[in-house]
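Coordinates as given in model10.cif (mmCIF, C-alpha atoms and all ligand atoms):
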data_run
loop_
_atom_site.group_PDB
_atom_site.id
_atom_site.type_symbol
_atom_site.label_atom_id
_atom_site.label_comp_id
_atom_site.auth_asym_id
_atom_site.auth_seq_id
_atom_site.Cartn_x
_atom_site.Cartn_y
_atom_site.Cartn_z
ATOM 1 C CA MET A 22 196.849 -123.375 85.420
ATOM 2 C CA ARG A 23 194.065 -125.226 87.162
ATOM 3 C CA LYS A 24 192.386 -128.102 85.356
ATOM 4 C CA HIS A 25 188.925 -127.927 83.884
ATOM 5 C CA ILE A 26 187.117 -131.073 84.962
ATOM 6 C CA VAL A 27 183.851 -132.522 83.766
ATOM 7 C CA ALA A 28 182.904 -135.409 86.035
ATOM 8 C CA GLY A 29 179.941 -137.724 85.554
ATOM 9 C CA ASN A 30 178.266 -139.000 88.707
ATOM 10 C CA TRP A 31 176.191 -141.946 87.557
ATOM 11 C CA LYS A 32 174.706 -142.402 91.049
ATOM 12 C CA MET A 33 172.807 -145.718 91.438
ATOM 13 C CA ASN A 34 171.930 -146.204 87.764
ATOM 14 C CA LYS A 35 172.509 -148.782 85.011
ATOM 15 C CA THR A 36 172.937 -152.553 84.928
ATOM 16 C CA PHE A 37 176.335 -153.976 83.997
ATOM 17 C CA ASN A 38 175.519 -154.291 80.296
ATOM 18 C CA GLU A 39 174.047 -150.806 80.142
ATOM 19 C CA ALA A 40 177.131 -149.412 81.880
ATOM 20 C CA ASP A 41 179.424 -151.281 79.496
ATOM 21 C CA ASP A 42 177.514 -149.880 76.505
ATOM 22 C CA LEU A 43 177.696 -146.344 77.873
ATOM 23 C CA VAL A 44 181.451 -146.466 78.512
ATOM 24 C CA ASN A 45 182.031 -147.946 75.054
ATOM 25 C CA GLU A 46 179.966 -145.270 73.395
ATOM 26 C CA LEU A 47 181.646 -142.579 75.454
ATOM 27 C CA MET A 48 185.142 -143.760 74.527
ATOM 28 C CA GLU A 49 184.303 -144.120 70.876
ATOM 29 C CA LYS A 50 182.861 -140.623 70.715
ATOM 30 C CA LEU A 51 185.600 -139.122 72.901
ATOM 31 C CA GLU A 52 188.175 -140.157 70.317
ATOM 32 C CA SER A 53 186.564 -137.975 67.700
ATOM 33 C CA THR A 54 185.750 -135.129 70.106
ATOM 34 C CA GLU A 55 188.024 -132.126 70.276
ATOM 35 C CA LEU A 56 188.520 -131.440 73.934
ATOM 36 C CA ASP A 57 190.388 -128.440 75.228
ATOM 37 C CA PRO A 58 193.807 -129.873 76.250
ATOM 38 C CA ASN A 59 193.295 -128.569 79.786
ATOM 39 C CA THR A 60 190.014 -130.483 80.198
ATOM 40 C CA LEU A 61 189.831 -133.742 82.086
ATOM 41 C CA VAL A 62 186.870 -136.112 81.821
ATOM 42 C CA VAL A 63 186.126 -138.205 84.917
ATOM 43 C CA VAL A 64 183.476 -140.912 85.089
ATOM 44 C CA CYS A 65 182.207 -142.076 88.484
ATOM 45 C CA PRO A 66 180.218 -145.308 88.038
ATOM 46 C CA PRO A 67 178.881 -147.505 90.852
ATOM 47 C CA PHE A 68 181.538 -149.654 92.608
ATOM 48 C CA PRO A 69 180.865 -152.903 90.682
ATOM 49 C CA TYR A 70 181.651 -151.182 87.378
ATOM 50 C CA LEU A 71 184.857 -149.425 88.416
ATOM 51 C CA GLU A 72 187.188 -152.041 87.036
ATOM 52 C CA MET A 73 185.432 -152.265 83.669
ATOM 53 C CA THR A 74 185.452 -148.465 83.395
ATOM 54 C CA SER A 75 189.048 -148.066 84.521
ATOM 55 C CA ASP A 76 190.198 -150.439 81.761
ATOM 56 C CA TYR A 77 189.563 -147.447 79.501
ATOM 57 C CA SER A 78 191.350 -144.915 81.662
ATOM 58 C CA ASP A 79 194.482 -143.566 80.023
ATOM 59 C CA ASP A 80 195.751 -141.299 82.791
ATOM 60 C CA SER A 81 195.693 -138.260 80.539
ATOM 61 C CA TYR A 82 192.248 -136.948 79.759
ATOM 62 C CA PHE A 83 189.928 -139.763 80.872
ATOM 63 C CA MET A 84 189.956 -140.880 84.493
ATOM 64 C CA VAL A 85 187.739 -142.894 86.777
ATOM 65 C CA GLY A 86 186.317 -141.999 90.165
ATOM 66 C CA ALA A 87 184.327 -143.759 92.856
ATOM 67 C CA GLN A 88 181.181 -142.258 94.367
ATOM 68 C CA ASN A 89 181.989 -143.033 97.975
ATOM 69 C CA VAL A 90 184.649 -144.511 100.266
ATOM 70 C CA SER A 91 184.884 -145.768 103.826
ATOM 71 C CA ASP A 92 186.241 -143.469 106.518
ATOM 72 C CA GLN A 93 188.056 -146.487 107.995
ATOM 73 C CA GLU A 94 191.312 -148.088 106.892
ATOM 74 C CA SER A 95 190.317 -151.781 106.836
ATOM 75 C CA GLY A 96 188.699 -154.538 108.865
ATOM 76 C CA ALA A 97 185.252 -155.536 110.090
ATOM 77 C CA TYR A 98 183.109 -152.952 108.295
ATOM 78 C CA THR A 99 180.657 -155.054 106.298
ATOM 79 C CA GLY A 100 179.635 -153.506 103.020
ATOM 80 C CA GLU A 101 182.268 -150.786 103.024
ATOM 81 C CA VAL A 102 184.932 -150.111 100.376
ATOM 82 C CA SER A 103 188.277 -148.696 101.501
ATOM 83 C CA ALA A 104 190.557 -146.118 99.917
ATOM 84 C CA ALA A 105 193.308 -148.774 99.883
ATOM 85 C CA MET A 106 191.063 -150.974 97.710
ATOM 86 C CA LEU A 107 190.404 -148.107 95.310
ATOM 87 C CA GLU A 108 194.118 -147.310 95.197
ATOM 88 C CA SER A 109 194.928 -150.936 94.398
ATOM 89 C CA MET A 110 192.526 -150.709 91.442
ATOM 90 C CA GLU A 111 194.224 -147.523 90.246
ATOM 91 C CA ILE A 112 191.138 -145.384 90.703
ATOM 92 C CA ASP A 113 192.047 -141.697 90.546
ATOM 93 C CA TYR A 114 189.171 -139.725 92.066
ATOM 94 C CA CYS A 115 186.395 -140.179 94.616
ATOM 95 C CA ILE A 116 183.319 -138.087 95.365
ATOM 96 C CA VAL A 117 182.885 -137.265 99.063
ATOM 97 C CA GLY A 118 180.131 -135.503 100.970
ATOM 98 C CA HIS A 119 177.549 -135.552 98.193
ATOM 99 C CA SER A 120 174.297 -134.041 99.458
ATOM 100 C CA GLU A 121 172.549 -137.396 98.925
ATOM 101 C CA ARG A 122 175.070 -139.072 101.261
ATOM 102 C CA ARG A 123 174.663 -136.221 103.733
ATOM 103 C CA ALA A 124 170.840 -136.363 103.623
ATOM 104 C CA TYR A 125 170.173 -140.137 103.449
ATOM 105 C CA TYR A 126 173.228 -141.688 105.125
ATOM 106 C CA GLY A 127 174.119 -139.169 107.809
ATOM 107 C CA GLU A 128 177.452 -138.120 106.299
ATOM 108 C CA THR A 129 178.613 -135.255 108.507
ATOM 109 C CA ASP A 130 181.502 -132.856 107.944
ATOM 110 C CA GLU A 131 183.512 -134.914 110.470
ATOM 111 C CA ILE A 132 182.947 -138.072 108.391
ATOM 112 C CA VAL A 133 183.802 -136.134 105.228
ATOM 113 C CA ALA A 134 187.085 -135.040 106.875
ATOM 114 C CA ARG A 135 188.000 -138.660 107.730
ATOM 115 C CA LYS A 136 187.125 -139.865 104.225
ATOM 116 C CA VAL A 137 189.258 -137.111 102.699
ATOM 117 C CA ASP A 138 192.153 -138.205 104.951
ATOM 118 C CA GLN A 139 191.767 -141.812 103.823
ATOM 119 C CA LEU A 140 191.720 -140.819 100.159
ATOM 120 C CA LEU A 141 194.775 -138.584 100.383
ATOM 121 C CA LYS A 142 196.662 -141.235 102.341
ATOM 122 C CA HIS A 143 196.004 -143.617 99.434
ATOM 123 C CA ASN A 144 196.780 -141.158 96.637
ATOM 124 C CA LEU A 145 193.243 -140.538 95.414
ATOM 125 C CA ARG A 146 191.922 -137.073 94.697
ATOM 126 C CA PRO A 147 188.751 -136.242 96.636
ATOM 127 C CA ILE A 148 185.950 -134.362 94.863
ATOM 128 C CA VAL A 149 184.370 -132.766 97.908
ATOM 129 C CA CYS A 150 180.766 -131.600 97.539
ATOM 130 C CA CYS A 151 179.221 -128.675 99.348
ATOM 131 C CA GLY A 152 176.002 -126.739 98.928
ATOM 132 C CA GLU A 153 172.942 -125.390 100.671
ATOM 133 C CA VAL A 154 169.330 -126.587 100.672
ATOM 134 C CA LEU A 155 166.520 -124.359 99.397
ATOM 135 C CA GLU A 156 165.465 -123.177 102.840
ATOM 136 C CA GLU A 157 169.022 -122.053 103.578
ATOM 137 C CA ARG A 158 169.233 -120.122 100.305
ATOM 138 C CA GLU A 159 165.853 -118.525 100.938
ATOM 139 C CA GLY A 160 167.107 -117.470 104.370
ATOM 140 C CA ASN A 161 170.302 -116.095 102.735
ATOM 141 C CA ARG A 162 172.378 -118.552 104.793
ATOM 142 C CA GLN A 163 174.101 -120.243 101.812
ATOM 143 C CA PHE A 164 177.501 -118.664 102.470
ATOM 144 C CA ASP A 165 177.540 -119.682 106.157
ATOM 145 C CA VAL A 166 176.496 -123.233 105.257
ATOM 146 C CA VAL A 167 179.157 -123.677 102.581
ATOM 147 C CA LYS A 168 181.825 -122.042 104.744
ATOM 148 C CA LYS A 169 181.131 -124.517 107.545
ATOM 149 C CA GLN A 170 181.187 -127.508 105.180
ATOM 150 C CA ILE A 171 184.522 -126.441 103.684
ATOM 151 C CA THR A 172 186.087 -125.428 106.986
ATOM 152 C CA ASP A 173 185.059 -128.512 108.961
ATOM 153 C CA GLY A 174 185.563 -130.971 106.107
ATOM 154 C CA LEU A 175 188.839 -129.698 104.664
ATOM 155 C CA PHE A 176 190.673 -127.029 106.583
ATOM 156 C CA HIS A 177 192.510 -129.502 108.831
ATOM 157 C CA LEU A 178 194.645 -130.342 105.755
ATOM 158 C CA SER A 179 198.089 -128.907 105.091
ATOM 159 C CA ALA A 180 198.438 -126.732 101.968
ATOM 160 C CA ASP A 181 200.255 -129.595 100.257
ATOM 161 C CA GLU A 182 197.440 -132.015 101.016
ATOM 162 C CA PHE A 183 194.778 -129.501 100.039
ATOM 163 C CA SER A 184 196.324 -129.048 96.613
ATOM 164 C CA ASN A 185 194.995 -132.510 95.673
ATOM 165 C CA VAL A 186 191.387 -131.609 96.478
ATOM 166 C CA VAL A 187 188.692 -130.747 93.941
ATOM 167 C CA ILE A 188 185.599 -128.919 95.199
ATOM 168 C CA ALA A 189 182.111 -129.274 93.764
ATOM 169 C CA TYR A 190 179.512 -126.654 94.633
ATOM 170 C CA GLU A 191 176.140 -128.333 94.268
ATOM 171 C CA PRO A 192 173.191 -126.298 95.544
ATOM 172 C CA VAL A 193 170.859 -129.041 96.748
ATOM 173 C CA TRP A 194 167.792 -127.278 95.327
ATOM 174 C CA ALA A 195 169.317 -127.609 91.845
ATOM 175 C CA ILE A 196 170.108 -131.345 91.964
ATOM 176 C CA GLY A 197 167.847 -133.416 89.738
ATOM 177 C CA THR A 198 165.203 -130.687 89.819
ATOM 178 C CA GLY A 199 165.823 -128.991 86.473
ATOM 179 C CA LYS A 200 166.397 -125.748 88.415
ATOM 180 C CA THR A 201 169.942 -124.589 87.727
ATOM 181 C CA ALA A 202 171.719 -121.890 89.669
ATOM 182 C CA THR A 203 172.044 -118.827 87.463
ATOM 183 C CA PRO A 204 175.572 -118.205 86.150
ATOM 184 C CA ASP A 205 175.768 -115.247 88.555
ATOM 185 C CA GLN A 206 174.718 -117.342 91.551
ATOM 186 C CA ALA A 207 177.303 -119.984 90.628
ATOM 187 C CA GLN A 208 180.081 -117.431 90.081
ATOM 188 C CA GLU A 209 179.258 -115.655 93.341
ATOM 189 C CA MET A 210 179.552 -118.861 95.379
ATOM 190 C CA HIS A 211 182.619 -120.127 93.529
ATOM 191 C CA ALA A 212 184.411 -116.813 94.114
ATOM 192 C CA PHE A 213 183.397 -117.002 97.785
ATOM 193 C CA ILE A 214 184.859 -120.520 98.061
ATOM 194 C CA ARG A 215 188.077 -119.514 96.284
ATOM 195 C CA ASN A 216 188.412 -116.597 98.657
ATOM 196 C CA LEU A 217 188.007 -118.899 101.687
ATOM 197 C CA ILE A 218 190.799 -121.082 100.292
ATOM 198 C CA ALA A 219 192.996 -118.040 99.672
ATOM 199 C CA GLU A 220 192.515 -116.828 103.248
ATOM 200 C CA LYS A 221 193.489 -120.240 104.609
ATOM 201 C CA TYR A 222 196.192 -121.424 102.183
ATOM 202 C CA GLY A 223 197.196 -118.363 100.163
ATOM 203 C CA ASP A 224 196.509 -117.160 96.638
ATOM 204 C CA GLU A 225 198.561 -119.762 94.797
ATOM 205 C CA VAL A 226 196.712 -122.746 96.276
ATOM 206 C CA ALA A 227 193.380 -120.989 95.717
ATOM 207 C CA GLU A 228 194.181 -120.184 92.095
ATOM 208 C CA ASN A 229 195.148 -123.809 91.448
ATOM 209 C CA THR A 230 192.016 -125.367 92.977
ATOM 210 C CA SER A 231 189.394 -126.625 90.529
ATOM 211 C CA ILE A 232 185.889 -125.703 91.702
ATOM 212 C CA LEU A 233 183.120 -127.504 89.806
ATOM 213 C CA TYR A 234 179.440 -126.653 89.592
ATOM 214 C CA GLY A 235 176.762 -129.349 89.922
ATOM 215 C CA GLY A 236 172.976 -129.312 89.763
ATOM 216 C CA SER A 237 170.885 -129.721 86.601
ATOM 217 C CA CYS A 238 173.880 -128.920 84.405
ATOM 218 C CA LYS A 239 172.899 -129.773 80.821
ATOM 219 C CA PRO A 240 174.214 -129.227 77.280
ATOM 220 C CA GLY A 241 171.930 -126.193 77.048
ATOM 221 C CA ASN A 242 173.274 -124.323 80.086
ATOM 222 C CA ALA A 243 176.846 -125.646 80.515
ATOM 223 C CA LYS A 244 178.543 -123.047 78.327
ATOM 224 C CA GLU A 245 177.000 -120.165 80.200
ATOM 225 C CA LEU A 246 177.901 -121.634 83.587
ATOM 226 C CA PHE A 247 181.468 -122.577 82.609
ATOM 227 C CA ALA A 248 182.098 -119.117 81.106
ATOM 228 C CA ASN A 249 182.418 -117.733 84.634
ATOM 229 C CA LYS A 250 185.991 -117.250 85.708
ATOM 230 C CA ASP A 251 185.697 -119.242 88.938
ATOM 231 C CA VAL A 252 183.654 -122.132 87.509
ATOM 232 C CA ASP A 253 186.158 -124.781 86.421
ATOM 233 C CA GLY A 254 183.803 -127.433 85.097
ATOM 234 C CA GLY A 255 180.935 -129.516 86.361
ATOM 235 C CA LEU A 256 179.822 -132.516 88.370
ATOM 236 C CA ILE A 257 177.075 -133.932 86.215
ATOM 237 C CA GLY A 258 174.313 -136.293 87.329
ATOM 238 C CA GLY A 259 171.432 -137.076 84.964
ATOM 239 C CA ALA A 260 173.098 -135.755 81.823
ATOM 240 C CA SER A 261 176.158 -137.987 82.385
ATOM 241 C CA LEU A 262 174.014 -141.051 81.658
ATOM 242 C CA LYS A 263 173.819 -140.143 77.967
ATOM 243 C CA ALA A 264 177.122 -140.094 76.059
ATOM 244 C CA ASP A 265 176.079 -137.301 73.688
ATOM 245 C CA ASP A 266 174.843 -135.024 76.462
ATOM 246 C CA PHE A 267 177.874 -135.670 78.644
ATOM 247 C CA LEU A 268 180.302 -134.963 75.803
ATOM 248 C CA ALA A 269 178.388 -131.860 74.784
ATOM 249 C CA ILE A 270 178.930 -130.616 78.356
ATOM 250 C CA ALA A 271 182.613 -131.630 78.297
ATOM 251 C CA THR A 272 183.203 -129.611 75.130
ATOM 252 C CA ALA A 273 181.346 -126.603 76.536
HETATM 253 P P1 LIG B 1 171.896 -133.609 88.280
HETATM 254 O O1 LIG B 1 172.892 -133.199 87.226
HETATM 255 O O2 LIG B 1 171.093 -134.801 87.880
HETATM 256 O O3 LIG B 1 171.100 -132.467 88.782
HETATM 257 O O4 LIG B 1 172.798 -134.123 89.525
HETATM 258 C C1 LIG B 1 173.833 -133.345 89.978
HETATM 259 C C2 LIG B 1 174.619 -134.143 90.971
HETATM 260 O O5 LIG B 1 174.145 -134.452 92.042
HETATM 261 C C3 LIG B 1 175.978 -134.564 90.585
HETATM 262 O O6 LIG B 1 176.658 -135.077 91.669
#

Exercise: express the given structure as structure tokens:
Amino acid sequence: MRKHIVAGNWKMNKTFNEADDLVNELMEKLESTELDPNTLVVVCPPFPYLEMTSDYSDDSYFMVGAQNVSDQESGAYTGEVSAAMLESMEIDYCIVGHSERRAYYGETDEIVARKVDQLLKHNLRPIVCCGEVLEEREGNRQFDVVKKQITDGLFHLSADEFSNVVIAYEPVWAIGTGKTATPDQAQEMHAFIRNLIAEKYGDEVAENTSILYGGSCKPGNAKELFANKDVDGGLIGGASLKADDFLAIATA
């Protein structure tokens, strides 16, 4: 049975002390929260806070992820962080191809593919983001856009490699805007993605792939979104910065 995952993408927020407080509060409250045993909570803080956060990771229901990784192995790449470094810190997950990286830092599907390769080589699980911008949805091109992102970013992998990948569908028009995809829109795209995976790797791999929804997911709408059969959890931005909101989503 595929995992339900609720992952918090903190993006570029919080000072060290604020981050420390948030993780502490989260852990304290997690202990008294009844999570479905098939649910995994992942927190993705900025790089400088990974070690502090991973001190809390227990490899069962709370894991830590990075928000980005270099597409190169090692060497003269000033400012970059490699998958080998993350592996050596026992980080479990890493977000790749977030729409903010695609829009502001020129992350193409080819770069996403190389980053995914680096992560898998170093035993991290990639959380690969895909999703269309508003103009593409209005032009009914969302399926073509997502198909290209998934095909070019991931379909060079073997079935074995692909089974370590988590997908996050994040319609760009829903990120940080307060506009959430309707449960039907989310389900429709998630089913489309699962079908693409089935065509490429077969039904078993497709059925075992966790596909998360992201974009203005909040305590008030999480239950409705997660009730869809192909929505296996969420990648949460703003609401992951408040322990109560994040946990309310995780229990949804
Ligand atoms: P918001 O939840 O703030 O819309 O952000 C979603 C996101 O980009 C998670 O990666």

Neighbourhood of ligand LIG 1 (chain B) at 10 Å, counting all atoms listed in the file, reported as a ChimeraX atom specification
/A:28-32,65,88,116-121,148,150,189-201,234-239,255-262

To verify the selection step, state as a list in words which residues the PyMOL selection byres (((chain A and resi 91) around 6) and not hetatm) yields on this input.
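Matching residues under the PyMOL selection byres (((chain A and resi 91) around 6) and not hetatm) are Val90, Asp92, Gln93, Glu101, Val102 and Ser103 of chain A.
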
What does the PyMOL selection byres (((chain A and resi 167-177) around 6) and not hetatm) select in this file, as an NGL selection string?
:A and (130 or 133-134 or 151-152 or 164-166 or 178)

Tell me, as a list in words, which residues lie within 10 Å of Lys50 (chain A), counting all atoms listed in the file; anything in the same chain fewer than 6 positions away does not count.
Val44, Ala264, Asp265 and Leu268 of chain A

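Note that the spacing between CA of Ala124 (chain A) and CA of Asp205 (chain A) amounts to 26.4 Å.
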
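CA of Asp138 (chain A) lies 23.0 Å from CA of Asp224 (chain A).
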
Shortest interatomic distance to Ala202 (chain A) - which of A:Leu47, A:Ile218, A:Leu246, A:Val27, counting all atoms listed in the file
A:Leu246

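Picture a line from CA of Glu209 (chain A) to CA of Phe247 (chain A); it runs 13.0 Å.
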
With region 82-86 of chain A as the partner and 10 Å as the cut-off, tabulate the residues of region 120-228 of chain A that qualify, each row holding the nearest pair of atoms and their distance in Å to one decimal, using all atoms listed in the file, sorted by chain and rising number, as a tab-separated table.
residue	atom	partner	partner_atom	distance
A:Leu145	CA	A:Gly86	CA	8.8
A:Arg146	CA	A:Gly86	CA	8.7
A:Pro147	CA	A:Gly86	CA	9.0
A:Ile148	CA	A:Gly86	CA	9.0

Using the chain letters and numbers from this file, what does the PyMOL selection byres (((chain A and resi 249) around 9) and not hetatm) select? Give the answer as an NGL selection string.
:A and (204-205 or 207-208 or 245-248 or 250-253)

When you count all atoms listed in the file, which of these residues is closest to Asp41 (chain A): A:Asn242, A:Thr74, A:Ser95, A:Asn89?
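Ranked by minimum distance to Asp41 (chain A), first place goes to A:Thr74.
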
Point out the residue among A:Ala219, A:Ala97, A:Ile214, A:Val63 with the least atom-to-atom distance to Ala180 (chain A), counting all atoms listed in the file.
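Closest residue, counting all atoms listed in the file: A:Ala219.
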
Output, as lines of an AutoDock Vina configuration file, the centre and edge lengths in Å (one decimal) of the axis-aligned box that contains all listed atoms of region 106-113 of chain A with 4 Å of margin on each side.
center_x = 192.7
center_y = -146.3
center_z = 94.0
size_x = 12.5
size_y = 17.3
size_z = 15.5

Return region 159-169 of chain A, completed with all heavy atoms, as a compact mmCIF listing (two decimals), in the coordinates of the input.
# COMPACT_ATOMS: atom_id res chain seq x y z
N GLU A 159 166.93 -119.51 100.75
CA GLU A 159 165.85 -118.52 100.94
C GLU A 159 166.10 -117.67 102.18
O GLU A 159 165.67 -116.52 102.24
CB GLU A 159 164.50 -119.24 100.99
CG GLU A 159 164.07 -119.66 99.59
CD GLU A 159 162.80 -120.53 99.57
OE1 GLU A 159 162.35 -120.98 100.65
OE2 GLU A 159 162.28 -120.74 98.47
N GLY A 160 166.78 -118.24 103.17
CA GLY A 160 167.11 -117.47 104.37
C GLY A 160 168.45 -116.75 104.24
O GLY A 160 168.99 -116.28 105.24
N ASN A 161 169.01 -116.74 103.02
CA ASN A 161 170.30 -116.10 102.74
C ASN A 161 171.43 -116.64 103.62
O ASN A 161 172.33 -115.91 104.01
CB ASN A 161 170.16 -114.57 102.89
CG ASN A 161 171.25 -113.84 102.12
OD1 ASN A 161 171.78 -114.37 101.13
ND2 ASN A 161 171.63 -112.67 102.59
N ARG A 162 171.34 -117.94 103.94
CA ARG A 162 172.38 -118.55 104.79
C ARG A 162 173.36 -119.40 103.99
O ARG A 162 174.17 -120.12 104.56
CB ARG A 162 171.70 -119.42 105.87
CG ARG A 162 170.82 -118.63 106.83
CD ARG A 162 170.61 -119.36 108.15
NE ARG A 162 170.11 -120.71 107.98
CZ ARG A 162 168.83 -121.02 107.75
NH1 ARG A 162 167.91 -120.07 107.65
NH2 ARG A 162 168.45 -122.28 107.63
N GLN A 163 173.27 -119.35 102.64
CA GLN A 163 174.10 -120.24 101.81
C GLN A 163 175.61 -120.09 102.05
O GLN A 163 176.35 -121.08 102.05
CB GLN A 163 173.77 -120.08 100.32
CG GLN A 163 174.11 -118.75 99.69
CD GLN A 163 172.98 -117.73 99.84
OE1 GLN A 163 172.15 -117.83 100.73
NE2 GLN A 163 172.94 -116.74 98.97
N PHE A 164 176.05 -118.86 102.30
CA PHE A 164 177.50 -118.66 102.47
C PHE A 164 177.98 -119.27 103.80
O PHE A 164 179.04 -119.88 103.85
CB PHE A 164 177.86 -117.17 102.37
CG PHE A 164 177.56 -116.62 101.00
CD1 PHE A 164 176.52 -115.71 100.81
CD2 PHE A 164 178.29 -117.02 99.89
CE1 PHE A 164 176.23 -115.22 99.55
CE2 PHE A 164 178.01 -116.54 98.61
CZ PHE A 164 176.97 -115.64 98.45
N ASP A 165 177.17 -119.10 104.86
CA ASP A 165 177.54 -119.68 106.16
C ASP A 165 177.59 -121.20 106.06
O ASP A 165 178.47 -121.85 106.62
CB ASP A 165 176.50 -119.31 107.24
CG ASP A 165 176.52 -117.82 107.53
OD1 ASP A 165 177.53 -117.18 107.19
OD2 ASP A 165 175.53 -117.31 108.09
N VAL A 166 176.59 -121.77 105.36
CA VAL A 166 176.50 -123.23 105.26
C VAL A 166 177.72 -123.78 104.53
O VAL A 166 178.38 -124.73 104.98
CB VAL A 166 175.19 -123.62 104.51
CG1 VAL A 166 175.18 -125.10 104.15
CG2 VAL A 166 173.98 -123.27 105.35
N VAL A 167 178.04 -123.18 103.39
CA VAL A 167 179.16 -123.68 102.58
C VAL A 167 180.48 -123.45 103.32
O VAL A 167 181.36 -124.31 103.31
CB VAL A 167 179.13 -123.02 101.18
CG1 VAL A 167 180.43 -123.26 100.44
CG2 VAL A 167 177.95 -123.55 100.38
N LYS A 168 180.60 -122.32 103.99
CA LYS A 168 181.82 -122.04 104.74
C LYS A 168 182.06 -123.12 105.81
O LYS A 168 183.17 -123.62 105.98
CB LYS A 168 181.73 -120.66 105.41
CG LYS A 168 182.99 -120.29 106.17
CD LYS A 168 182.91 -118.88 106.73
CE LYS A 168 184.21 -118.56 107.44
NZ LYS A 168 184.22 -117.23 108.04
N LYS A 169 181.00 -123.49 106.50
CA LYS A 169 181.13 -124.52 107.54
C LYS A 169 181.51 -125.88 106.93
O LYS A 169 182.38 -126.59 107.45
CB LYS A 169 179.82 -124.63 108.34
CG LYS A 169 179.93 -125.61 109.49
CD LYS A 169 178.71 -125.59 110.39
CE LYS A 169 178.79 -126.52 111.59
NZ LYS A 169 179.76 -127.57 111.62
